[in-house]
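For reference, target.txt is printed below; it contains compact mmCIF, C-alpha atoms.
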```txt
# COMPACT_ATOMS: atom_id res chain seq x y z
CA MET A 1 68.70 -11.31 -16.22
CA SER A 2 65.42 -13.22 -15.84
CA ASN A 3 62.98 -13.68 -18.64
CA PRO A 4 59.68 -11.84 -17.95
CA ASN A 5 57.78 -14.50 -19.88
CA THR A 6 58.85 -17.21 -17.52
CA PRO A 7 55.72 -18.55 -15.63
CA VAL A 8 55.55 -17.99 -11.88
CA ALA A 9 55.08 -21.14 -9.82
CA ALA A 10 51.69 -21.34 -7.92
CA ALA A 11 51.81 -20.99 -4.19
CA PRO A 12 51.26 -24.24 -2.38
CA ALA A 13 47.64 -24.71 -1.04
CA ASN A 14 47.03 -24.26 2.71
CA PRO A 15 45.44 -27.51 3.88
CA LYS A 16 44.20 -26.01 7.19
CA ARG A 17 42.36 -23.24 5.42
CA GLN A 18 40.73 -25.61 3.00
CA LYS A 19 39.61 -27.81 5.87
CA ALA A 20 38.14 -24.86 7.73
CA LEU A 21 36.21 -23.73 4.65
CA LYS A 22 34.86 -27.22 4.16
CA ILE A 23 33.73 -27.37 7.78
CA ILE A 24 32.02 -23.99 7.54
CA GLY A 25 30.34 -24.99 4.32
CA GLY A 26 29.19 -28.23 5.87
CA VAL A 27 27.80 -26.44 8.88
CA VAL A 28 25.92 -23.98 6.69
CA LEU A 29 24.57 -26.80 4.57
CA VAL A 30 23.45 -28.77 7.62
CA ALA A 31 21.90 -25.67 9.15
CA GLY A 32 20.04 -24.97 5.92
CA VAL A 33 18.79 -28.50 5.69
CA ALA A 34 17.76 -28.43 9.37
CA TRP A 35 15.96 -25.15 8.88
CA GLY A 36 14.21 -26.51 5.81
CA ILE A 37 13.14 -29.63 7.64
CA HIS A 38 11.94 -27.56 10.64
CA TRP A 39 10.01 -25.24 8.36
CA TRP A 40 8.46 -28.15 6.50
CA LEU A 41 7.50 -30.08 9.62
CA VAL A 42 6.80 -27.27 12.13
CA SER A 43 6.94 -23.65 10.98
CA SER A 44 4.71 -24.14 7.95
CA HIS A 45 1.98 -25.47 10.26
CA ILE A 46 1.89 -22.67 12.82
CA GLU A 47 1.20 -18.95 13.01
CA SER A 48 2.40 -17.11 16.09
CA THR A 49 2.40 -13.60 17.52
CA ASP A 50 3.45 -11.91 20.72
CA ASN A 51 0.93 -9.10 20.16
CA ALA A 52 -1.70 -10.77 22.32
CA TYR A 53 -3.37 -9.60 25.51
CA VAL A 54 -5.76 -10.99 28.10
CA GLN A 55 -9.32 -9.64 27.98
CA ALA A 56 -12.35 -10.10 30.23
CA ASN A 57 -15.78 -8.63 30.86
CA VAL A 58 -15.39 -5.39 32.79
CA VAL A 59 -18.68 -4.28 34.38
CA GLN A 60 -19.05 -0.62 35.31
CA ILE A 61 -20.89 -0.30 38.63
CA THR A 62 -23.15 2.71 38.20
CA PRO A 63 -26.17 3.80 40.29
CA GLN A 64 -29.61 3.82 38.72
CA VAL A 65 -30.74 6.57 41.10
CA GLY A 66 -28.90 9.53 42.57
CA GLY A 67 -28.05 9.87 46.22
CA THR A 68 -25.42 10.40 48.91
CA VAL A 69 -23.02 7.55 49.58
CA LEU A 70 -23.45 6.21 53.12
CA ALA A 71 -21.21 3.13 52.98
CA ILE A 72 -18.73 1.39 50.70
CA GLN A 73 -18.69 -2.37 51.19
CA ALA A 74 -15.97 -3.35 48.67
CA ASP A 75 -12.55 -2.03 47.72
CA ASP A 76 -9.95 -2.64 45.01
CA THR A 77 -8.70 -6.26 44.77
CA ASP A 78 -11.71 -7.55 46.75
CA VAL A 79 -13.36 -10.66 45.34
CA VAL A 80 -17.16 -10.38 45.47
CA LYS A 81 -20.04 -12.71 44.74
CA ALA A 82 -23.17 -11.97 42.74
CA GLY A 83 -25.71 -10.16 44.93
CA GLN A 84 -23.12 -8.89 47.41
CA LEU A 85 -23.61 -5.29 48.57
CA LEU A 86 -21.03 -2.90 47.11
CA VAL A 87 -22.25 0.65 47.80
CA ARG A 88 -25.14 1.95 49.91
CA LEU A 89 -26.83 5.25 49.09
CA ASP A 90 -29.03 7.33 51.37
CA PRO A 91 -32.56 5.88 50.92
CA ALA A 92 -34.44 8.68 52.74
CA ASP A 93 -35.91 10.35 49.64
CA ALA A 94 -36.81 7.01 48.07
CA ARG A 95 -38.44 5.91 51.33
CA VAL A 96 -40.66 9.01 51.37
CA ALA A 97 -41.64 8.52 47.73
CA LEU A 98 -42.49 4.88 48.45
CA ASP A 99 -44.69 5.82 51.42
CA GLN A 100 -46.52 8.36 49.29
CA ALA A 101 -47.06 5.83 46.49
CA GLU A 102 -48.36 3.21 48.92
CA ALA A 103 -50.74 5.69 50.52
CA GLN A 104 -51.98 6.73 47.08
CA LEU A 105 -52.57 3.09 46.14
CA ALA A 106 -54.57 2.48 49.34
CA GLN A 107 -56.67 5.60 48.72
CA THR A 108 -57.24 4.63 45.07
CA VAL A 109 -58.42 1.15 46.06
CA ARG A 110 -60.94 2.63 48.50
CA GLU A 111 -62.15 5.14 45.90
CA VAL A 112 -62.65 2.37 43.37
CA ARG A 113 -64.53 0.32 45.96
CA THR A 114 -66.83 3.34 46.37
CA VAL A 115 -67.39 3.48 42.61
CA PHE A 116 -68.37 -0.20 42.58
CA ALA A 117 -70.65 0.30 45.60
CA ASN A 118 -72.35 3.24 43.86
CA ASN A 119 -73.57 0.90 41.13
CA ALA A 120 -76.10 -0.67 43.48
CA THR A 121 -77.11 2.70 44.92
CA LEU A 122 -77.59 4.24 41.50
CA ALA A 123 -79.54 1.21 40.31
CA ALA A 124 -81.86 1.61 43.29
CA GLN A 125 -82.29 5.29 42.47
CA VAL A 126 -83.18 4.42 38.88
CA ALA A 127 -85.80 1.95 40.11
CA LEU A 128 -87.17 4.61 42.47
CA ARG A 129 -87.35 7.18 39.67
CA GLU A 130 -89.08 4.68 37.42
CA ALA A 131 -91.69 4.09 40.16
CA ASP A 132 -92.15 7.86 40.50
CA VAL A 133 -92.68 8.19 36.77
CA ALA A 134 -95.22 5.36 36.79
CA LYS A 135 -97.10 6.99 39.67
CA VAL A 136 -97.09 10.42 38.04
CA GLN A 137 -98.22 8.91 34.74
CA SER A 138 -101.15 7.37 36.65
CA ASP A 139 -101.94 10.77 38.15
CA VAL A 140 -101.83 12.37 34.69
CA ALA A 141 -104.15 9.73 33.30
CA LYS A 142 -106.57 10.26 36.20
CA ALA A 143 -106.47 14.07 35.81
CA GLN A 144 -106.99 13.76 32.06
CA ASP A 145 -109.95 11.50 32.64
CA ASP A 146 -111.44 14.04 35.06
CA VAL A 147 -111.07 16.82 32.50
CA ASN A 148 -112.55 14.66 29.74
CA ARG A 149 -115.58 13.77 31.85
CA ARG A 150 -116.25 17.38 32.96
CA ALA A 151 -115.76 19.09 29.61
CA PRO A 152 -119.20 18.08 28.09
CA LEU A 153 -120.95 18.90 31.34
CA VAL A 154 -119.72 22.48 31.48
CA ALA A 155 -122.01 23.47 28.55
CA THR A 156 -125.09 22.04 30.27
CA GLY A 157 -124.25 23.65 33.58
CA ALA A 158 -123.98 20.31 35.37
CA VAL A 159 -120.35 21.17 36.22
CA GLY A 160 -119.38 24.61 37.21
CA LYS A 161 -116.71 26.58 35.39
CA GLU A 162 -114.58 26.79 38.50
CA GLU A 163 -114.61 23.05 39.06
CA PHE A 164 -113.62 22.47 35.42
CA ASN A 165 -110.76 24.96 35.70
CA HIS A 166 -109.62 23.24 38.87
CA ALA A 167 -109.55 19.88 37.02
CA GLN A 168 -107.53 21.45 34.20
CA THR A 169 -105.09 22.91 36.74
CA GLN A 170 -104.62 19.48 38.32
CA LEU A 171 -103.97 18.01 34.87
CA ALA A 172 -101.35 20.67 34.07
CA ALA A 173 -99.70 20.08 37.46
CA ALA A 174 -99.67 16.32 36.87
CA LYS A 175 -98.09 16.78 33.41
CA SER A 176 -95.44 19.09 34.90
CA ALA A 177 -94.75 16.50 37.61
CA LEU A 178 -94.43 13.86 34.89
CA VAL A 179 -91.89 15.93 32.99
CA ALA A 180 -89.90 16.46 36.19
CA ALA A 181 -90.07 12.75 37.08
CA GLN A 182 -88.96 11.74 33.58
CA SER A 183 -86.08 14.24 33.72
CA ALA A 184 -85.02 12.86 37.11
CA LEU A 185 -85.23 9.32 35.71
CA ALA A 186 -83.07 10.28 32.71
CA GLY A 187 -80.52 11.87 35.03
CA ALA A 188 -80.46 8.81 37.28
CA ARG A 189 -80.06 6.51 34.30
CA GLU A 190 -77.25 8.66 32.86
CA GLN A 191 -75.46 8.71 36.20
CA ALA A 192 -75.86 4.96 36.57
CA THR A 193 -74.60 4.39 33.02
CA SER A 194 -71.63 6.68 33.63
CA ASN A 195 -70.76 4.89 36.85
CA ARG A 196 -71.06 1.47 35.19
CA ALA A 197 -68.73 2.65 32.44
CA LEU A 198 -66.07 3.06 35.13
CA THR A 199 -66.50 -0.50 36.35
CA ASP A 200 -67.60 -2.63 33.37
CA GLY A 201 -65.30 -5.58 32.73
CA THR A 202 -63.12 -4.94 35.77
CA THR A 203 -62.85 -5.72 39.44
CA VAL A 204 -61.44 -3.62 42.24
CA GLN A 205 -57.99 -5.23 42.01
CA ASP A 206 -57.60 -4.88 38.22
CA HIS A 207 -59.29 -1.50 37.80
CA PRO A 208 -57.15 0.87 35.64
CA ASN A 209 -56.84 3.41 38.44
CA VAL A 210 -55.65 0.71 40.83
CA LEU A 211 -53.21 -0.67 38.26
CA ARG A 212 -51.79 2.80 37.67
CA ALA A 213 -51.32 3.40 41.38
CA ALA A 214 -49.81 -0.09 41.75
CA ALA A 215 -47.32 0.68 38.98
CA ARG A 216 -46.26 3.80 40.88
CA VAL A 217 -45.70 1.70 44.00
CA ARG A 218 -43.52 -0.71 42.02
CA GLU A 219 -41.58 2.20 40.56
CA ALA A 220 -41.04 3.75 43.98
CA TYR A 221 -40.08 0.39 45.50
CA LEU A 222 -37.54 -0.28 42.76
CA ALA A 223 -36.03 3.16 43.32
CA PHE A 224 -35.87 2.44 47.05
CA LYS A 225 -34.16 -0.92 46.55
CA ARG A 226 -31.74 0.56 44.02
CA SER A 227 -30.21 2.69 46.74
CA ASP A 228 -28.24 -0.48 47.52
CA LEU A 229 -25.82 -1.27 44.69
CA VAL A 230 -25.07 -4.98 44.49
CA ALA A 231 -22.66 -6.99 42.35
CA PRO A 232 -24.47 -8.34 39.28
CA ILE A 233 -21.93 -11.15 38.77
CA ASN A 234 -18.92 -12.73 40.46
CA GLY A 235 -15.65 -10.90 40.00
CA MET A 236 -12.90 -8.70 41.42
CA ILE A 237 -13.22 -5.01 42.21
CA ALA A 238 -10.96 -2.57 40.36
CA ARG A 239 -10.69 1.20 39.89
CA ARG A 240 -12.86 2.25 42.83
CA SER A 241 -13.41 5.99 42.67
CA VAL A 242 -16.41 6.52 44.95
CA GLN A 243 -15.99 8.02 48.43
CA VAL A 244 -18.23 8.13 51.50
CA GLY A 245 -20.37 11.27 51.61
CA GLN A 246 -20.06 11.82 47.89
CA ARG A 247 -23.20 12.91 46.06
CA VAL A 248 -23.49 10.71 42.99
CA GLN A 249 -25.80 10.98 40.03
CA ALA A 250 -27.47 8.16 38.13
CA GLY A 251 -25.06 6.65 35.64
CA ALA A 252 -21.86 7.92 37.31
CA PRO A 253 -19.13 5.20 37.32
CA LEU A 254 -18.24 4.23 40.89
CA MET A 255 -16.04 1.16 40.40
CA SER A 256 -15.35 -1.66 37.98
CA LEU A 257 -16.04 -5.37 38.39
CA VAL A 258 -13.78 -7.72 36.41
CA THR A 259 -14.84 -11.31 35.74
CA LEU A 260 -11.48 -13.09 36.02
CA ASP A 261 -13.11 -16.54 35.90
CA ASN A 262 -14.13 -15.98 32.26
CA VAL A 263 -11.19 -14.49 30.37
CA TRP A 264 -10.07 -14.79 26.78
CA VAL A 265 -7.15 -13.61 24.67
CA ASP A 266 -7.23 -11.17 21.77
CA ALA A 267 -4.25 -12.05 19.58
CA ASN A 268 -3.54 -9.40 16.95
CA PHE A 269 -2.20 -11.27 13.90
CA LYS A 270 -0.83 -9.56 10.82
CA GLU A 271 -3.13 -9.56 7.85
CA SER A 272 -0.66 -11.79 6.00
CA GLN A 273 -1.05 -14.44 8.72
CA LEU A 274 -4.83 -14.77 8.49
CA LYS A 275 -4.88 -16.84 5.30
CA ASN A 276 -4.82 -20.21 7.05
CA ILE A 277 -6.40 -19.36 10.42
CA ARG A 278 -9.76 -21.07 10.92
CA LEU A 279 -12.28 -21.29 13.74
CA GLY A 280 -11.67 -24.17 16.14
CA GLN A 281 -7.93 -24.51 15.50
CA PRO A 282 -5.92 -25.33 18.64
CA VAL A 283 -3.76 -22.64 20.19
CA THR A 284 -0.87 -22.82 22.63
CA LEU A 285 -0.26 -19.75 24.77
CA THR A 286 2.26 -18.58 27.30
CA ALA A 287 2.02 -15.58 29.61
CA ASP A 288 4.90 -13.30 30.44
CA VAL A 289 3.85 -13.35 34.08
CA TYR A 290 4.45 -17.12 34.38
CA GLY A 291 7.05 -17.66 31.68
CA THR A 292 7.34 -20.54 29.22
CA LYS A 293 6.99 -23.20 31.93
CA VAL A 294 3.21 -22.61 32.12
CA GLU A 295 1.31 -23.24 28.90
CA TYR A 296 -2.37 -22.63 28.25
CA ARG A 297 -4.47 -24.58 25.78
CA GLY A 298 -7.09 -22.73 23.79
CA LYS A 299 -8.83 -22.59 20.46
CA VAL A 300 -9.72 -19.95 17.91
CA ALA A 301 -13.21 -18.68 18.77
CA GLY A 302 -13.58 -15.93 16.22
CA LEU A 303 -11.92 -13.33 14.00
CA GLY A 304 -12.51 -9.62 14.36
CA ALA A 305 -14.74 -7.75 11.92
CA GLY A 306 -11.96 -5.29 11.07
CA THR A 307 -8.46 -4.14 11.84
CA GLY A 308 -7.64 -2.10 14.87
CA ALA A 309 -6.93 0.95 12.72
CA ALA A 310 -10.37 0.73 11.12
CA PHE A 311 -12.02 1.41 14.50
CA ALA A 312 -9.49 3.99 15.66
CA LEU A 313 -10.60 7.54 16.41
CA LEU A 314 -8.21 8.82 13.73
CA PRO A 315 -7.77 6.11 11.06
CA ALA A 316 -4.37 5.91 9.43
CA GLN A 317 -5.84 5.85 5.92
CA ASN A 318 -6.15 9.22 4.24
CA ALA A 319 -6.27 10.72 0.77
CA THR A 320 -3.84 13.61 1.27
CA GLY A 321 -0.97 11.93 -0.53
CA ASN A 322 1.32 11.44 2.47
CA TRP A 323 0.02 7.94 3.28
CA ILE A 324 2.50 5.18 4.10
CA LYS A 325 1.43 1.55 3.87
CA VAL A 326 1.57 -0.23 7.22
CA VAL A 327 0.86 -3.90 7.75
CA GLN A 328 -2.45 -4.06 9.58
CA ARG A 329 -3.42 -6.45 12.38
CA VAL A 330 -6.76 -8.16 13.00
CA PRO A 331 -7.79 -9.31 16.49
CA VAL A 332 -8.38 -13.06 16.77
CA ARG A 333 -10.31 -14.18 19.84
CA ILE A 334 -8.90 -17.23 21.58
CA ALA A 335 -10.98 -19.10 24.15
CA LEU A 336 -9.05 -20.51 27.11
CA ASP A 337 -9.52 -23.62 29.23
CA ALA A 338 -11.31 -22.54 32.42
CA GLU A 339 -9.51 -25.15 34.55
CA GLU A 340 -6.08 -23.97 33.42
CA VAL A 341 -7.03 -20.37 34.11
CA LYS A 342 -8.24 -21.41 37.56
CA LYS A 343 -4.87 -23.02 38.33
CA HIS A 344 -2.89 -20.07 36.99
CA PRO A 345 -5.11 -16.94 37.19
CA LEU A 346 -4.67 -14.19 34.64
CA ARG A 347 -5.34 -10.46 34.78
CA VAL A 348 -6.82 -8.14 32.19
CA GLY A 349 -4.16 -6.66 29.91
CA LEU A 350 -1.40 -9.23 30.56
CA SER A 351 0.86 -9.95 27.59
CA MET A 352 0.61 -13.37 25.98
CA GLU A 353 2.32 -15.22 23.15
CA ALA A 354 -0.04 -17.24 21.00
CA THR A 355 0.84 -20.03 18.58
CA VAL A 356 -1.93 -21.37 16.35
CA ASP A 357 -1.74 -24.84 14.84
CA ILE A 358 -3.04 -24.32 11.30
CA THR A 359 -2.66 -27.93 10.18
CA LYS A 360 -6.40 -28.52 10.02
CA GLN A 361 -8.14 -26.35 7.45
CA ASP A 362 -11.67 -27.76 7.71
CA GLY A 363 -12.96 -25.04 10.06
CA PRO A 364 -14.98 -22.03 8.86
CA LEU A 365 -13.59 -18.54 8.46
CA LEU A 366 -16.65 -16.90 10.03
CA VAL A 367 -19.29 -17.94 12.55
CA GLU A 368 -22.11 -19.46 10.50
CA ALA A 369 -24.94 -19.44 13.06
CA THR A 370 -26.51 -16.76 15.23
CA ARG A 371 -25.99 -17.00 18.97
CA GLN A 372 -28.85 -18.78 20.72
CA GLN A 373 -27.77 -18.18 24.32
CA PRO A 374 -26.99 -14.84 26.00
CA VAL A 375 -23.36 -13.86 26.30
CA ALA A 376 -23.91 -13.09 29.97
CA GLN A 377 -26.89 -12.78 32.28
CA THR A 378 -27.71 -12.23 35.92
CA ALA A 379 -30.64 -13.16 38.16
CA VAL A 380 -29.62 -10.83 41.00
CA PHE A 381 -32.40 -8.33 40.34
CA ASP A 382 -35.23 -10.79 39.72
CA GLY A 383 -36.25 -10.90 43.38
CA VAL A 384 -36.79 -7.13 43.55
CA GLN A 385 -39.71 -7.24 41.13
CA LYS A 386 -41.25 -10.13 43.06
CA GLU A 387 -40.97 -8.22 46.33
CA ALA A 388 -42.63 -5.20 44.74
CA ASP A 389 -45.51 -7.37 43.49
CA GLU A 390 -46.01 -8.88 46.93
CA ARG A 391 -46.06 -5.42 48.47
CA VAL A 392 -48.72 -4.26 46.01
CA THR A 393 -50.78 -7.41 46.66
CA ARG A 394 -50.84 -6.82 50.41
CA ILE A 395 -51.95 -3.20 50.05
CA ILE A 396 -54.75 -4.05 47.61
CA ALA A 397 -55.98 -6.94 49.74
CA SER A 398 -56.03 -4.94 52.97
CA ASN A 399 -57.93 -2.02 51.43
CA ALA A 400 -60.23 -3.84 49.01
CA GLY A 401 -61.68 -6.28 51.53
CA ILE A 402 -60.64 -9.29 49.42
CA SER A 403 -58.31 -12.18 49.99
CA ALA A 404 -54.63 -11.92 49.21
CA ALA A 405 -55.04 -14.80 46.73
CA ALA A 406 -57.55 -12.82 44.65
CA ALA A 407 -55.34 -9.74 44.67
CA SER A 408 -52.32 -11.89 43.75
CA HIS A 409 -54.26 -13.46 40.86
CA ALA A 410 -54.99 -10.03 39.37
CA ASN A 411 -51.37 -9.03 39.91
CA LEU A 412 -50.12 -12.14 38.13
CA ALA A 413 -52.51 -11.51 35.25
CA SER A 414 -51.14 -8.01 34.86
CA ASN A 415 -47.57 -9.31 34.92
CA ALA A 416 -48.44 -12.02 32.39
CA SER A 417 -49.79 -9.42 29.96
CA GLN A 418 -46.60 -7.40 30.38
CA ALA A 419 -44.50 -10.52 29.81
CA ARG A 420 -46.44 -11.33 26.63
CA ALA A 421 -45.88 -7.80 25.35
CA ALA A 422 -42.15 -8.06 26.06
CA ALA A 423 -41.98 -11.46 24.34
CA LEU A 424 -43.70 -10.06 21.25
CA GLN A 425 -41.26 -7.15 21.17
CA ARG A 426 -38.27 -9.51 21.44
CA ALA A 427 -39.68 -11.70 18.68
CA SER A 428 -40.14 -8.70 16.40
CA THR A 429 -36.50 -7.66 16.89
CA LYS A 430 -34.93 -11.16 16.79
CA PRO A 431 -32.37 -11.41 13.96
CA ALA A 432 -33.03 -13.91 11.23
CA ALA A 433 -30.95 -17.10 11.21
CA VAL A 434 -28.03 -17.26 8.82
CA PRO A 435 -28.82 -19.52 5.83
CA GLY A 436 -27.10 -22.85 6.11
CA ALA A 437 -26.60 -22.54 9.87
```
Could you render the structure as structure tokens?
Amino acid sequence: MSNPNTPVAAAPANPKRQKALKIIGGVVLVAGVAWGIHWWLVSSHIESTDNAYVQANVVQITPQVGGTVLAIQADDTDVVKAGQLLVRLDPADARVALDQAEAQLAQTVREVRTVFANNATLAAQVALREADVAKVQSDVAKAQDDVNRRAPLVATGAVGKEEFNHAQTQLAAAKSALVAAQSALAGAREQATSNRALTDGTTVQDHPNVLRAAARVREAYLAFKRSDLVAPINGMIARRSVQVGQRVQAGAPLMSLVTLDNVWVDANFKESQLKNIRLGQPVTLTADVYGTKVEYRGKVAGLGAGTGAAFALLPAQNATGNWIKVVQRVPVRIALDAEEVKKHPLRVGLSMEATVDITKQDGPLLVEATRQQPVAQTAVFDGVQKEADERVTRIIASNAGISAAAASHANLASNASQARAAALQRASTKPAAVPGA
């Protein structure tokens, strides 16, 4: 019988198992070291996200006047240039209004010419009335002298009573004529003064009535020209909803114009990733549509003013007690290289993957200076105002009997005053520069 206290011999070690464990341990150690080196050299210097999408300026094409659609000159996917006709509305009503405004301007110019011409006529009437008053005053003085000479002779009988009464009657008639002449002179002077008040400091071409009628012509001409809807900028047509024969109202969206030559990326980074992101840092991007073989180079252009949830219609934050914390994301705008976008065009809404190199930390967190140049502008509509001014100039010149140069000078003066007023208004509303910018 065996002794229970006798020690049991240890099982011999399995050399294959020990070797396998050592290999696995070595692999894990190497992998850990490799990961640590990669994190130290690469991962700690980048922030990346796949929550990024292509954005661009999307212009809504809307009419400024109502009308019936006669023609549609552009369709979805069409590439259009600035100034190209997109939609044509029926201009019949605008044409009638323009004709009426032009006729009213011509009539106003002729009426104002009459007012100026009346100044000379009324001045001549005043001179005539003054001569009448002087003549009547002479008659009164003569009649008064006759009465004065006959009055002492009546008592002596040298002058008969009847003759004296006749002299007194002539004096009374002369005084009445003087009062009438003076009243007529006052009326002529008042009429002349009133007429001069309508013309003082002005000419026919810059008279207020003419300027008001000219403004109505410009308004009617602009409405007439706005029956043709043109592209304000270069781009591609999308979401066309207008149809021929449709009655559209001012402000109704007809189609969209997307500027694919000036796109950017909004990369939505987690709030925990924003610590080291600075303006101007380089960014590498790839688009799902082209794959990883096509890379775009960009840079951080700005950080959003708030999270997406902060501007949502129904924010996630509430005070009812059932709130759950969710990591928020902030949009980071990334500017792209225009040449790369030209080689590999992008579309609005395409998914992108953005990787920001955060090695350099010398950039600012926020834009420190106000924008000095407009974000976008167009000169497509500048010619319309010039055409309207030329139209007004021709009408004034042909009806005022003056040269087109004189009418144009007055027109330019009016436009200059309007430009000065607009400049003063812009200056009064210009934001102050950021200190230290």
### Task
Identify which of the residues A:Leu85, A:Leu313, A:Ala215, A:Ala267 lies closest to Val330 of chain A, counting only C-alpha atoms when measuring atom-to-atom distances.
A:Ala267
List as a compact mmCIF listing (two decimals) with C-alpha atoms, in the coordinates of the input: which residues have an atom within 12 Å of (-24.7, 13.8, 34.9), counting only C-alpha atoms?
```txt
# COMPACT_ATOMS: atom_id res chain seq x y z
CA THR A 62 -23.15 2.71 38.20
CA PRO A 63 -26.17 3.80 40.29
CA GLN A 64 -29.61 3.82 38.72
CA VAL A 65 -30.74 6.57 41.10
CA GLY A 66 -28.90 9.53 42.57
CA ARG A 247 -23.20 12.91 46.06
CA VAL A 248 -23.49 10.71 42.99
CA GLN A 249 -25.80 10.98 40.03
CA ALA A 250 -27.47 8.16 38.13
CA GLY A 251 -25.06 6.65 35.64
CA ALA A 252 -21.86 7.92 37.31
CA PRO A 253 -19.13 5.20 37.32
```
### Message
I want to know what sits within 10 Å of segment 195-205 of chain A, based on only C-alpha atoms, with residues of the same chain fewer than 2 positions away left out; could you give that as a PyMOL selection string?
### Response
chain A and resi 108-120+122-123+189-193+207-211+214+393+396-397+399-402+406-411
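The neighbours of segment 378-381 of chain A here are the residues that come within 7 Å of it, using only C-alpha atoms and leaving out any residue fewer than 6 positions away in the same chain; they are Ala82, Gly83, Pro232 and Ile233 of chain A.
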The selected residues should be written to file as a PDB file, keeping the file's coordinate frame (atoms: C-alpha atoms).
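Output contents, as saved in out-v2.pdb:
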```pdb
ATOM      1  CA  ALA A  82     -23.170 -11.970  42.740  1.00  0.00           C
ATOM      2  CA  GLY A  83     -25.710 -10.160  44.930  1.00  0.00           C
ATOM      3  CA  PRO A 232     -24.470  -8.340  39.280  1.00  0.00           C
ATOM      4  CA  ILE A 233     -21.930 -11.150  38.770  1.00  0.00           C
TER       5      ILE A 233
END
```
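Of the residues listed (A:Val356, A:Ala131, A:Val392, A:Ala309), A:Val356 shows the shortest atom-to-atom separation from Ile334 of chain A; distances use all atoms listed in the file.
If you look at atom CA of Ala184 of chain A and atom CA of Lys142 of chain A, they are 21.7 Å away from each other.
Comparing the minimum interatomic distances between Asp76 of chain A and each of A:Arg129, A:Arg239, A:Arg391, A:Lys19, counting all atoms listed in the file, we find that A:Arg239 sits nearest.
Put simply, atom CA of Ile277 of chain A is 16.0 Å away from atom CA of Glu353 of chain A.
If you measure from each of A:Glu340, A:Asp132, A:Asp382, A:Asp261 to Gly298 of chain A using all atoms listed in the file, the closest one turns out to be A:Glu340.
Neighbouring residues of Tyr221 of chain A at 8 Å or closer, counting only C-alpha atoms and skipping chain neighbours under 3 positions away, are Ala94, Leu98, Val217, Arg218, Phe224, Lys225 and Ala388 of chain A.
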### Task
Please provide the set of residues having any atom within 6 Å of Thr355 of chain A, restricted to all atoms listed in the file, with same-chain residues fewer than 5 positions apart removed, written as a PyMOL selection string.
chain A and resi 47-48+283-284
### Point-to-point distance from atom CA of Ile358 of chain A to atom CA of Pro345 of chain A, Å rounded to tenths
27.0 Å
#### Entry: Selection as a PyMOL selection string: residues within 10 Å of (-1.6, -18.1, 9.0), counting all atoms listed in the file
chain A and resi 44-48+269-278+356-359
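Proximity to Val265 of chain A was assessed for A:Asp75, A:Asp228, A:Glu390, A:Asp337 counting only C-alpha atoms; the smallest distance is recorded for A:Asp337.
Shell of Gln55 of chain A at 6 Å, with only C-alpha atoms counted and residues fewer than 5 places along the chain excluded, is Val263, Trp264, Val265 and Val348 of chain A.
Of the listed residues A:Ile72, A:Leu128, A:Gln328, A:His344, the one whose atoms come nearest to Lys293 of chain A is A:His344, with distances taken using only C-alpha atoms.
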